[in-house]
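Asker: Got a structure for you, questions after.
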Amino acid sequence: MNILILGSGGREHTFAWKIAQSNKLTNLFVAPGNAGTAKIATNVEISVTDFPAIKKLVLAENIEMVVVGPEDPLVQGVHDFFLKDDELKNIPVIGPEKKGAILEGSKEFAKEFMARHNVPTAAYQSFTSESLEAGYAFLETLNPPYVLKADGLAAGKGVLILDDIEEAKAELKSMLVDAKFGNASAKVVIEEFLSGIELSVFVLTDGKNYITLPTAKDYKRIGEGDTGLNTGGMGAISPVPFADATFMQKIEDRIVKPTIEGFQKDEIPYKGFVFIGLIKVGEEPYVIEYNVRMGDPETEVVLPRVKNDMVELLQATANGTLNTIKLDLDDRTATTIVAVSGGYPEAYEKGKVITGFENVQDSIVFHAGTQLKDDEVVSSGGRVLAVTSFGNDFKEALKTSYKSMEKIAFDKMNYRKDLGFDL
């Protein structure tokens, strides 16, 4: 079949790499894609939220399935757009409809969903500029650190964790009154801080049946030892060593099952990936957030461990037959390290020529912020590429990833040297 992937990052290159291995694939398109996807698929210069242009492409190229990478088109209703169009309605879209995508589109909606279905999460309240004083009062009832979350999409940067009550109040005002994160922070969720170690669980669901994919842990901060500003992710490890069978059973019973059953009870149509951001507090799992797509860079360690035919998995998701699929996994550990542009996540330069890909033998290089320019691969984003390797444990896999990373170069390239330090 002909398949279209929407997106341009490392996650989408990984999907393309995995789908390209299927003998069920005829032609693969990625919109807009990057220099990595260009090698294994046809890139089409279309924005992921330009639905009329996507329709034109789908009809022109006889595309039979659309896999949505990022959250933006889902929250804006790309799945609904297909369902409402007579020419598109029979083409499966992997990713929830708008009603499901709001789980990521609104932190408040997600918190209310968890409360309704008894999914363990931190205590919280939400506020607008009208209830700023009440927000101050709620902060007074909490112990530091204070967690402030912009309700809407803020590209992974809308969460602040602050130790000082006065700073927390000032930031709350900045978010609500001064629109620090634009419209995304017109409403702010304040929640209690949970102390523990984070991990992510990925679930693929057809709305009724589900498959729990491998766990992963990503590293969000730019600096060694998890210091400095939050980024889109500096690397990831799968599986998570501390998530043993007992802990995974708790996640299954208390979080995954109630979430999927919650979709049915609330009549939320959901075909696609659920990314559950968790924290292990003592021996108990709590949900920090839901995302309605795969994570990046977690995809770069989760998908390489899945041995199943990816197109078969996606077809079963579209057809509602995931209960017929048995997940086949590589038992080894996969690790990925992300190379970023100098200055990222603040101001950085683009257009740096990247060299050394051909020297990497023992790892897979996934492109993120790259493009082809005059036959050369150049940087075009903050997170530029991810180097994924396998090993018998995370230390062995990381060693290989770091060795491979040393063979790649671009001006002001930066990556963290301490992944796995907390495991």
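Following the order of the structure tokens, chains are lettered A, B, ..., residues in each are numbered from 1, and ligands are numbered from 1.
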Among range 247-407 of chain A, which residues does DSSP mark as strand (DSSP E) when it is run on the backbone? Keep the chain and numbering as in the structure and answer as number ranges by chain.
Answerer: A: 272-281, 284-291, 333-340, 364-367, 370-373, 376-379, 383-391
Asker: Determine, for each residue of range 47-74 of chain A having at least one atom at most 12 Å from an atom of range 22-28 of chain A, the closest pair of atoms and their separation in Å to one decimal, counting only C-alpha atoms; order by chain and ascending number, as a Markdown table.
Answerer:
| residue | atom | partner | partner_atom | distance |
| --- | --- | --- | --- | --- |
| A:Val58 | CA | A:Leu28 | CA | 11.5 |
| A:Glu61 | CA | A:Asn27 | CA | 9.0 |
| A:Asn62 | CA | A:Asn27 | CA | 9.7 |
| A:Ile63 | CA | A:Asn27 | CA | 8.5 |
| A:Glu64 | CA | A:Asn27 | CA | 10.0 |
| A:Met65 | CA | A:Leu28 | CA | 10.0 |
| A:Val66 | CA | A:Leu28 | CA | 10.2 |
| A:Val67 | CA | A:Leu28 | CA | 10.8 |
Asker: So that I can check the surroundings of Lys417 in chain A, please list as a PyMOL selection string every protein, DNA and RNA residue that reaches within 9 Å of it, counting only C-alpha atoms and ignoring chain neighbours fewer than 5 positions away.
Answerer: chain A and resi 224+337+402
Asker: With all heavy atoms retained, export the selected residues as an mmCIF file, in the first residue's frame.
Answerer:
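This went into part.cif:
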data_model
loop_
_atom_site.group_PDB
_atom_site.id
_atom_site.type_symbol
_atom_site.label_atom_id
_atom_site.label_comp_id
_atom_site.auth_asym_id
_atom_site.auth_seq_id
_atom_site.Cartn_x
_atom_site.Cartn_y
_atom_site.Cartn_z
ATOM 1 N N GLU A 224 24.390 18.458 31.551
ATOM 2 C CA GLU A 224 24.757 17.216 32.252
ATOM 3 C C GLU A 224 24.115 17.209 33.641
ATOM 4 O O GLU A 224 23.949 18.262 34.255
ATOM 5 C CB GLU A 224 26.280 17.106 32.415
ATOM 6 C CG GLU A 224 27.084 17.587 31.209
ATOM 7 C CD GLU A 224 27.318 16.513 30.158
ATOM 8 O OE1 GLU A 224 28.056 15.590 30.441
ATOM 9 O OE2 GLU A 224 26.769 16.616 29.050
ATOM 10 N N ILE A 337 21.220 8.969 21.415
ATOM 11 C CA ILE A 337 21.786 10.240 21.878
ATOM 12 C C ILE A 337 21.459 11.284 20.818
ATOM 13 O O ILE A 337 21.637 11.040 19.621
ATOM 14 C CB ILE A 337 23.316 10.133 22.029
ATOM 15 C CG1 ILE A 337 23.665 9.040 23.059
ATOM 16 C CG2 ILE A 337 23.911 11.459 22.475
ATOM 17 C CD1 ILE A 337 25.080 8.565 22.946
ATOM 18 N N TYR A 402 27.880 6.580 21.726
ATOM 19 C CA TYR A 402 28.870 7.652 21.894
ATOM 20 C C TYR A 402 30.021 7.504 20.903
ATOM 21 O O TYR A 402 30.484 8.490 20.326
ATOM 22 C CB TYR A 402 29.381 7.711 23.340
ATOM 23 C CG TYR A 402 28.422 8.406 24.272
ATOM 24 C CD1 TYR A 402 27.872 7.752 25.376
ATOM 25 C CD2 TYR A 402 28.046 9.736 24.049
ATOM 26 C CE1 TYR A 402 26.978 8.407 26.233
ATOM 27 C CE2 TYR A 402 27.164 10.388 24.889
ATOM 28 C CZ TYR A 402 26.628 9.721 25.978
ATOM 29 O OH TYR A 402 25.731 10.370 26.814
#
Asker: Among the residues of range 55-248 of chain A, find those DSSP assigns to helix (DSSP H, G or I) from the backbone and print them as a ChimeraX atom specification.
Answerer: /A:55-60,71-75,78-83,98-105,107-116,129-141,165-176,182-185,245-248
Asker: Report as a ChimeraX atom specification all protein, DNA and RNA residues lying within 8 Å of Val378 in chain A, evaluated on only C-alpha atoms, omitting residues in the same chain fewer than 3 positions from it.
Answerer: /A:350-354,370-373
Asker: Could you tell me how far CA of Ala245 in chain A sits from CA of Thr335 in chain A, in Å to one decimal place?
Answerer: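 Pair CA of Thr335 in chain A / CA of Ala245 in chain A returns 20.8 Å.
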